[in-house]
>>> print(open('input27.pdb').read())   # PDB, C-alpha atoms
ATOM      1  CA  MET U 151      32.576  33.789  10.064
ATOM      2  CA  TRP U 152      29.313  31.904   9.608
ATOM      3  CA  CYS U 153      29.325  28.372  10.924
ATOM      4  CA  TYR U 154      26.550  25.812  10.420
ATOM      5  CA  ARG U 155      25.950  23.394  13.219
ATOM      6  CA  GLY U 156      23.873  20.444  12.111
ATOM      7  CA  GLY U 157      20.711  19.287  13.801
ATOM      8  CA  SER U 158      17.106  18.914  12.792
ATOM      9  CA  ILE U 159      14.595  21.719  13.051
ATOM     10  CA  SER U 160      11.742  20.799  15.373
ATOM     11  CA  THR U 161       8.281  20.791  13.829
ATOM     12  CA  GLU U 162       6.546  20.504  17.209
ATOM     13  CA  PRO U 163       4.501  23.572  18.252
ATOM     14  CA  ARG U 164       5.646  25.550  21.245
ATOM     15  CA  ILE U 165       3.650  24.919  24.417
ATOM     16  CA  ASN U 166       3.346  26.533  27.846
ATOM     17  CA  ASP U 167       6.641  28.050  29.074
ATOM     18  CA  ARG U 168       8.274  27.585  25.661
ATOM     19  CA  ILE U 169       6.107  30.347  24.227
ATOM     20  CA  ARG U 170       8.183  33.576  24.256
ATOM     21  CA  VAL U 171       5.890  36.456  23.305
ATOM     22  CA  PRO U 172       4.347  39.208  25.457
ATOM     23  CA  GLU U 173       0.760  38.515  24.377
ATOM     24  CA  VAL U 174      -1.266  35.970  22.397
ATOM     25  CA  ARG U 175      -4.613  35.686  20.675
ATOM     26  CA  LEU U 176      -6.252  33.047  22.851
ATOM     27  CA  VAL U 177      -8.731  30.379  21.760
ATOM     28  CA  GLY U 178     -10.627  28.546  24.492
ATOM     29  CA  PRO U 179     -10.859  24.737  24.899
ATOM     30  CA  SER U 180     -14.184  24.635  23.038
ATOM     31  CA  GLY U 181     -12.951  26.820  20.172
ATOM     32  CA  GLU U 182     -14.385  30.055  21.523
ATOM     33  CA  GLN U 183     -12.459  33.283  20.890
ATOM     34  CA  VAL U 184     -11.155  34.752  24.138
ATOM     35  CA  GLY U 185      -9.234  37.600  22.475
ATOM     36  CA  ILE U 186      -5.776  39.100  22.857
ATOM     37  CA  VAL U 187      -4.449  38.525  26.360
ATOM     38  CA  PRO U 188      -1.016  38.770  28.044
ATOM     39  CA  LEU U 189       0.962  35.540  27.988
ATOM     40  CA  ALA U 190       0.924  35.352  31.794
ATOM     41  CA  LYS U 191      -2.891  35.505  31.780
ATOM     42  CA  ALA U 192      -3.092  32.755  29.125
ATOM     43  CA  LEU U 193      -0.793  30.490  31.172
ATOM     44  CA  GLU U 194      -2.899  31.186  34.264
ATOM     45  CA  LEU U 195      -6.074  30.131  32.423
ATOM     46  CA  ALA U 196      -4.325  26.966  31.198
ATOM     47  CA  GLN U 197      -3.546  26.015  34.792
ATOM     48  CA  GLU U 198      -7.136  26.696  35.860
ATOM     49  CA  TYR U 199      -8.516  24.407  33.152
ATOM     50  CA  ASP U 200      -5.703  21.847  33.743
ATOM     51  CA  LEU U 201      -4.804  22.110  30.054
ATOM     52  CA  ASP U 202      -1.826  23.138  27.928
ATOM     53  CA  LEU U 203      -1.327  26.434  26.144
ATOM     54  CA  VAL U 204      -0.387  25.441  22.586
ATOM     55  CA  GLU U 205       0.826  27.811  19.871
ATOM     56  CA  VAL U 206      -1.226  26.874  16.781
ATOM     57  CA  ALA U 207      -0.358  29.821  14.494
ATOM     58  CA  ALA U 208       3.131  31.123  15.229
ATOM     59  CA  SER U 209       3.253  33.398  12.156
ATOM     60  CA  ALA U 210       0.191  35.402  13.202
ATOM     61  CA  ARG U 211       0.606  38.745  14.951
ATOM     62  CA  PRO U 212       0.103  38.167  17.805
ATOM     63  CA  PRO U 213       0.528  34.363  17.672
ATOM     64  CA  VAL U 214      -2.631  32.319  18.091
ATOM     65  CA  CYS U 215      -2.647  29.922  21.043
ATOM     66  CA  LYS U 216      -5.254  27.409  22.118
ATOM     67  CA  LEU U 217      -6.075  25.716  25.396
ATOM     68  CA  MET U 218      -6.033  21.945  24.875
ATOM     69  CA  ASP U 219      -4.848  18.597  26.204
ATOM     70  CA  TYR U 220      -1.676  18.403  24.126
ATOM     71  CA  GLY U 221      -0.961  14.744  24.926
ATOM     72  CA  LYS U 222      -4.434  13.715  23.744
ATOM     73  CA  PHE U 223      -4.079  15.921  20.666
ATOM     74  CA  LYS U 224      -0.780  14.244  19.681
ATOM     75  CA  TYR U 225      -2.256  10.776  20.181
ATOM     76  CA  GLU U 226      -5.314  11.510  18.027
ATOM     77  CA  SER U 227      -3.114  13.047  15.307
ATOM     78  CA  ALA U 228      -0.885   9.958  15.269
ATOM     79  CA  MET U 229      -3.916   7.657  14.972
ATOM     80  CA  LYS U 230      -5.301   9.691  12.057
ATOM     81  CA  ALA U 231      -1.945   9.559  10.269
ATOM     82  CA  ARG U 232      -1.752   5.811  10.841
ATOM     83  CA  GLU U 233      -5.249   5.302   9.445
ATOM     84  CA  ALA U 234      -4.389   7.416   6.401
ATOM     85  CA  ARG U 235      -1.312   5.275   5.729
ATOM     86  CA  LYS U 236      -3.383   2.117   6.083
ATOM     87  CA  ASN U 237      -5.859   3.317   3.460
ATOM     88  CA  GLN U 238      -3.143   4.560   1.121
ATOM     89  CA  ALA U 239      -3.065   2.638  -2.154
ATOM     90  CA  HIS U 240       0.246   1.985  -3.875
ATOM     91  CA  THR U 241       0.370   0.964  -7.525
ATOM     92  CA  VAL U 242       2.253  -2.319  -7.678
ATOM     93  CA  ILE U 243       3.241  -4.287 -10.771
ATOM     94  CA  LYS U 244       3.696  -7.997 -10.106
ATOM     95  CA  GLU U 245       5.584 -10.183 -12.568
ATOM     96  CA  MET U 246       4.834 -13.697 -13.747
ATOM     97  CA  LYS U 247       7.198 -15.648 -16.001
ATOM     98  CA  LEU U 248       6.111 -18.533 -18.223
ATOM     99  CA  ARG U 249       7.585 -20.711 -20.939
ATOM    100  CA  PRO U 250       5.797 -21.189 -24.273
ATOM    101  CA  LYS U 251       5.709 -24.983 -23.699
ATOM    102  CA  ILE U 252       4.449 -24.831 -20.151
ATOM    103  CA  ASP U 253       2.921 -27.901 -18.521
ATOM    104  CA  PRO U 254      -0.893 -27.677 -17.986
ATOM    105  CA  HIS U 255      -0.534 -28.109 -14.216
ATOM    106  CA  ASP U 256       2.099 -25.360 -14.032
ATOM    107  CA  TYR U 257      -0.100 -23.135 -16.174
ATOM    108  CA  ASP U 258      -2.974 -23.531 -13.709
ATOM    109  CA  THR U 259      -0.624 -22.679 -10.836
ATOM    110  CA  LYS U 260       0.665 -19.570 -12.578
ATOM    111  CA  LYS U 261      -2.852 -18.527 -13.521
ATOM    112  CA  GLY U 262      -3.848 -18.851  -9.872
ATOM    113  CA  HIS U 263      -1.148 -16.360  -8.921
ATOM    114  CA  VAL U 264      -2.328 -13.941 -11.624
ATOM    115  CA  VAL U 265      -5.910 -14.250 -10.350
ATOM    116  CA  ARG U 266      -4.736 -13.496  -6.798
ATOM    117  CA  PHE U 267      -2.787 -10.424  -7.914
ATOM    118  CA  LEU U 268      -5.692  -9.034  -9.919
ATOM    119  CA  LYS U 269      -8.076  -9.580  -7.012
ATOM    120  CA  GLN U 270      -5.686  -7.530  -4.865
ATOM    121  CA  GLY U 271      -5.974  -4.691  -7.400
ATOM    122  CA  ASP U 272      -2.409  -5.068  -8.710
ATOM    123  CA  LYS U 273      -1.195  -4.976 -12.289
ATOM    124  CA  VAL U 274       0.529  -8.088 -13.615
ATOM    125  CA  LYS U 275       3.386  -8.167 -16.110
ATOM    126  CA  ILE U 276       3.338 -11.503 -17.955
ATOM    127  CA  THR U 277       6.653 -12.521 -19.534
ATOM    128  CA  ILE U 278       6.996 -15.420 -21.960
ATOM    129  CA  MET U 279      10.632 -16.565 -22.095
ATOM    130  CA  PHE U 280      11.889 -18.141 -25.326
ATOM    131  CA  ARG U 281      14.967 -20.343 -25.494
ATOM    132  CA  GLY U 282      16.875 -21.676 -28.456
ATOM    133  CA  ARG U 283      14.707 -22.572 -31.426
ATOM    134  CA  GLU U 284      11.587 -21.418 -29.566
ATOM    135  CA  GLN U 285      12.463 -17.897 -30.730
ATOM    136  CA  SER U 286      11.408 -18.896 -34.237
ATOM    137  CA  ARG U 287       7.884 -19.696 -32.964
ATOM    138  CA  PRO U 288       6.661 -16.425 -31.374
ATOM    139  CA  GLU U 289       3.071 -17.435 -32.157
ATOM    140  CA  LEU U 290       3.287 -19.982 -29.316
ATOM    141  CA  GLY U 291       3.913 -17.224 -26.789
ATOM    142  CA  TYR U 292       1.261 -14.996 -28.323
ATOM    143  CA  ARG U 293      -1.379 -17.746 -28.130
ATOM    144  CA  LEU U 294      -0.432 -18.465 -24.518
ATOM    145  CA  LEU U 295      -0.791 -14.807 -23.538
ATOM    146  CA  GLN U 296      -4.160 -14.558 -25.280
ATOM    147  CA  ARG U 297      -5.322 -17.707 -23.533
ATOM    148  CA  LEU U 298      -4.314 -16.337 -20.134
ATOM    149  CA  ALA U 299      -5.988 -12.990 -20.813
ATOM    150  CA  THR U 300      -9.203 -14.808 -21.738
ATOM    151  CA  ASP U 301      -9.068 -17.004 -18.626
ATOM    152  CA  VAL U 302      -8.864 -13.971 -16.303
ATOM    153  CA  GLU U 303     -10.990 -11.500 -18.288
ATOM    154  CA  ASP U 304     -13.521 -11.311 -15.416
ATOM    155  CA  LEU U 305     -10.823  -9.856 -13.164
ATOM    156  CA  GLY U 306      -8.523  -7.962 -15.523
ATOM    157  CA  PHE U 307      -7.989  -6.573 -18.996
ATOM    158  CA  ILE U 308      -5.074  -6.271 -21.397
ATOM    159  CA  GLU U 309      -3.468  -2.941 -20.570
ATOM    160  CA  SER U 310      -0.452  -3.479 -22.811
ATOM    161  CA  ASN U 311      -0.747  -5.805 -25.806
ATOM    162  CA  PRO U 312       1.821  -8.591 -26.280
ATOM    163  CA  LYS U 313       5.063  -7.351 -27.771
ATOM    164  CA  GLN U 314       8.443  -8.930 -28.460
ATOM    165  CA  ASP U 315      11.343  -7.735 -26.297
ATOM    166  CA  GLY U 316      14.489  -9.618 -27.278
ATOM    167  CA  ARG U 317      14.048 -13.231 -26.248
ATOM    168  CA  ASN U 318      10.909 -12.405 -24.283
ATOM    169  CA  MET U 319       7.323 -11.524 -25.111
ATOM    170  CA  ILE U 320       5.608  -9.209 -22.629
ATOM    171  CA  MET U 321       1.992  -8.357 -21.863
ATOM    172  CA  VAL U 322       0.575  -6.287 -18.989
ATOM    173  CA  LEU U 323      -2.793  -7.037 -17.394
ATOM    174  CA  GLY U 324      -4.644  -4.363 -15.431
ATOM    175  CA  PRO U 325      -7.274  -5.099 -12.762
ATOM    176  CA  HIS U 326     -10.903  -4.117 -13.204
ATOM    177  CA  LYS U 327     -11.066  -3.386  -9.486
ATOM    178  CA  LYS U 328      -9.332  -0.344  -7.997
ATOM    179  CA  LYS U 329      -6.647  -0.901  -5.377
ATOM    180  CA  THR U 330      -8.626   0.889  -2.668
ATOM    181  CA  GLU U 331     -11.691  -1.271  -3.354
ATOM    182  CA  ALA U 332      -9.628  -4.460  -3.191
ATOM    183  CA  MET U 333      -8.049  -3.374   0.111
ATOM    184  CA  ALA U 334     -11.457  -2.543   1.591
ATOM    185  CA  GLU U 335     -12.852  -5.940   0.567
ATOM    186  CA  ALA U 336      -9.790  -7.679   2.009
ATOM    187  CA  ARG U 337     -10.275  -5.912   5.337
ATOM    188  CA  GLU U 338     -13.972  -6.834   5.390
ATOM    189  CA  ALA U 339     -13.117 -10.460   4.646
ATOM    190  CA  GLN U 340     -10.522 -10.482   7.417
ATOM    191  CA  ALA U 341     -13.012  -8.991   9.884
ATOM    192  CA  ALA U 342     -15.559 -11.642   8.886
ATOM    193  CA  ARG U 343     -12.986 -14.414   9.427
ATOM    194  CA  LYS U 344     -12.105 -13.038  12.855
ATOM    195  CA  ALA U 345     -15.784 -12.863  13.810
ATOM    196  CA  GLU U 346     -16.314 -16.436  12.626
ATOM    197  CA  ALA U 347     -13.217 -17.620  14.509
ATOM    198  CA  LYS U 348     -14.473 -15.913  17.663
ATOM    199  CA  ALA U 349     -17.869 -17.579  17.288
ATOM    200  CA  ASN U 350     -16.250 -20.964  16.535
ATOM    201  CA  PRO U 351     -13.000 -21.169  18.560
ATOM    202  CA  GLY U 352     -12.309 -24.692  17.331
ATOM    203  CA  LYS U 353     -11.940 -23.454  13.747
ATOM    204  CA  SER U 354      -9.823 -20.386  14.507
ATOM    205  CA  GLN U 355      -6.566 -22.188  13.724
ATOM    206  CA  ASN U 356      -7.670 -22.730  10.125
ATOM    207  CA  HIS U 357      -7.451 -18.985   9.518
ATOM    208  CA  ALA U 358      -4.544 -18.101  11.771
ATOM    209  CA  GLY U 359      -2.363 -17.147   8.826
ATOM    210  CA  ASP U 360      -4.991 -15.154   6.951
ATOM    211  CA  ASP U 361      -4.028 -11.496   6.778
ATOM    212  CA  ILE U 362      -4.503  -8.602   4.430
ATOM    213  CA  PRO U 363      -1.842  -9.058   1.732
ATOM    214  CA  GLU U 364       0.990  -6.551   1.697
ATOM    215  CA  THR U 365       0.690  -4.490  -1.458
ATOM    216  CA  ASP U 366       4.362  -3.620  -1.757
ATOM    217  CA  GLU U 367       5.840  -7.121  -1.754
ATOM    218  CA  VAL U 368       6.202  -9.551  -4.647
ATOM    219  CA  ASP U 369       6.155 -13.235  -3.797
ATOM    220  CA  GLU U 370       9.528 -14.582  -4.912
ATOM    221  CA  THR U 371       7.908 -17.842  -6.000
ATOM    222  CA  ASP U 372       5.893 -15.942  -8.596
ATOM    223  CA  GLU U 373       9.005 -15.332 -10.686
ATOM    224  CA  VAL U 374      10.239 -18.930 -10.673
ATOM    225  CA  ASP U 375      10.608 -20.287 -14.170
ATOM    226  CA  ALA U 376       7.854 -22.825 -14.763
ATOM    227  CA  GLU U 377      10.191 -24.800 -17.004
ATOM    228  CA  THR U 378      11.990 -26.249 -13.965
ATOM    229  CA  ALA U 379       8.840 -28.121 -12.995
ATOM    230  CA  GLU U 380       8.159 -29.652 -16.434
ATOM    231  CA  ALA U 381       8.700 -33.372 -16.914
ATOM    232  CA  PRO U 382      11.110 -34.370 -19.710
ATOM    233  CA  ALA U 383       8.364 -36.211 -21.532
ATOM    234  CA  GLN U 384       6.281 -33.024 -21.702
ATOM    235  CA  ALA U 385       9.046 -30.721 -22.836
ATOM    236  CA  SER U 386       7.790 -30.700 -26.412
ATOM    237  CA  ALA U 387       4.088 -30.284 -25.595
ATOM    238  CA  GLU U 388       2.510 -27.143 -27.013
ATOM    239  CA  VAL U 389      -0.214 -25.113 -25.382
TER     240      VAL U 389
END
>>> encode(input="input27.pdb", output="structure tokens")
Amino acid sequence: MWCYRGGSISTEPRINDRIRVPEVRLVGPSGEQVGIVPLAKALELAQEYDLDLVEVAASARPPVCKLMDYGKFKYESAMKAREARKNQAHTVIKEMKLRPKIDPHDYDTKKGHVVRFLKQGDKVKITIMFRGREQSRPELGYRLLQRLATDVEDLGFIESNPKQDGRNMIMVLGPHKKKTEAMAEAREAQAARKAEAKANPGKSQNHAGDDIPETDEVDETDEVDAETAEAPAQASAEV
């Protein structure tokens, strides 16, 4: 009766004494082809060079093995993978919520967040929330969205035109700058700040919190309803 016992399958190559074949096709430490040699001879050469015998092509007949410093190889591979993840660009859609009768100060604050998102290379979903009788005046939300799109046209464009969705009106802005470009510029700016802080130690505290923004996180304050900050006397003001 067949029985499966769990456990993960190792993806690590076999090295040294773990290699169980009578002979191997050996590649030298500089990439030179040594040829087909008995396993014992390959292990002897590995000891002479103070290196590891690593199986790099197990499916070949005979398997291909190379003389290398396996610890150094693993370290360099991990660093390359880490660098690749750092440069990986994820498409992120941020969200900003506004009210059709938003206060001018709150509008400037919200616009500042939209500008920051677009500079980071992220898309921004703008949602106008209507309440009560405001639903009978959709033109207020439309004008507000058009105004915002015009104010940030140097950084982004209208990817999805304003459309009514129940009690909300939604528009999506796309950045002119690609995500990878924005990340590269952010890293350059951070490096410049670090260099300046090193040259002027007394000013280093001013930039202690400056880091490359995380692309996968949405600031919770960006989705706070601007209506909560409006003064009662300005509740009826129209943009």
>>> closest_residue(input="input27.pdb", among="U:Pro212, U:Val322, U:Ala228, U:Tyr257", to="U:Glu245", atoms="all atoms listed in the file")
U:Val322
>>> resolve_selection(input="input27.pdb", expression="the PyMOL selection byres ((chain U and resi 217) around 6)", output="list in words")
Gly178, Pro179, Asp202, Leu203, Lys216 and Met218 of chain U
>>> closest_atom_pairs(input="input27.pdb", of="stretch 205-308 of chain U", to="stretch 336-350 of chain U", cutoff="12 Å", atoms="only C-alpha atoms", output="Markdown table")
| residue | atom | partner | partner_atom | distance |
| --- | --- | --- | --- | --- |
| U:Lys236 | CA | U:Arg337 | CA | 10.6 |
| U:Asn237 | CA | U:Arg337 | CA | 10.4 |
| U:Arg266 | CA | U:Ala336 | CA | 11.7 |
| U:Lys269 | CA | U:Ala336 | CA | 9.4 |
| U:Gln270 | CA | U:Ala336 | CA | 8.0 |
| U:Gly271 | CA | U:Ala336 | CA | 10.6 |
>>> resolve_selection(input="input27.pdb", expression="the PyMOL selection byres ((chain U and resi 244) around 7)", output="list in words")
Val242, Ile243, Glu245, Met246, Asp272, Lys273, Val274, Lys275 and Val368 of chain U
>>> write_last_selection(input="input27.pdb", atoms="C-alpha atoms", output="PDB file, keeping the file's coordinate frame")
ATOM      1  CA  VAL U 242       2.253  -2.319  -7.678  1.00  0.00           C
ATOM      2  CA  ILE U 243       3.241  -4.287 -10.771  1.00  0.00           C
ATOM      3  CA  GLU U 245       5.584 -10.183 -12.568  1.00  0.00           C
ATOM      4  CA  MET U 246       4.834 -13.697 -13.747  1.00  0.00           C
ATOM      5  CA  ASP U 272      -2.409  -5.068  -8.710  1.00  0.00           C
ATOM      6  CA  LYS U 273      -1.195  -4.976 -12.289  1.00  0.00           C
ATOM      7  CA  VAL U 274       0.529  -8.088 -13.615  1.00  0.00           C
ATOM      8  CA  LYS U 275       3.386  -8.167 -16.110  1.00  0.00           C
ATOM      9  CA  VAL U 368       6.202  -9.551  -4.647  1.00  0.00           C
TER      10      VAL U 368
END
>>> residues_around(input="input27.pdb", residues="U:Val302", least_positions_apart="6", cutoff="9 Å", atoms="only C-alpha atoms", output="NGL selection string")
:U and (261 or 264-265 or 268)
>>> atom_distance(input="input27.pdb", atom1="atom CA of U:Gly262", atom2="atom CA of U:Asp304")
13.5 Å
>>> resolve_selection(input="input27.pdb", expression="the PyMOL selection byres ((chain U and resi 186-196) around 6)", output="list in words")
Pro172, Glu173, Val174, Arg175, Gly185, Gln197, Glu198, Tyr199, Asp200, Leu201, Asp202 and Leu203 of chain U
>>> atom_distance(input="input27.pdb", atom1="atom CA of U:Ser227", atom2="atom CA of U:Met333")
22.9 Å
>>> residues_near_point(input="input27.pdb", point="(-8.3, -7.6, -18.2)", cutoff="6 Å", atoms="only C-alpha atoms", output="ChimeraX atom specification")
/U:303,306-308,323-324
>>> closest_residue(input="input27.pdb", among="U:Leu298, U:Ala332, U:Ile165, U:Ile278", to="U:Met319", atoms="all atoms listed in the file")
U:Ile278
>>> closest_residue(input="input27.pdb", among="U:Thr259, U:Thr300, U:Thr161, U:Ser310", to="U:Ala208", atoms="all atoms listed in the file")
U:Thr161
>>> atom_distance(input="input27.pdb", atom1="atom CA of U:Arg235", atom2="atom CA of U:His326")
23.2 Å
>>> residues_around(input="input27.pdb", residues="U:Tyr292", least_positions_apart="5", cutoff="12 Å", atoms="all atoms listed in the file", output="MDAnalysis selection string")
chainID U and resid 248:251 276:280 285 287 297:299 311:314 318:321 389
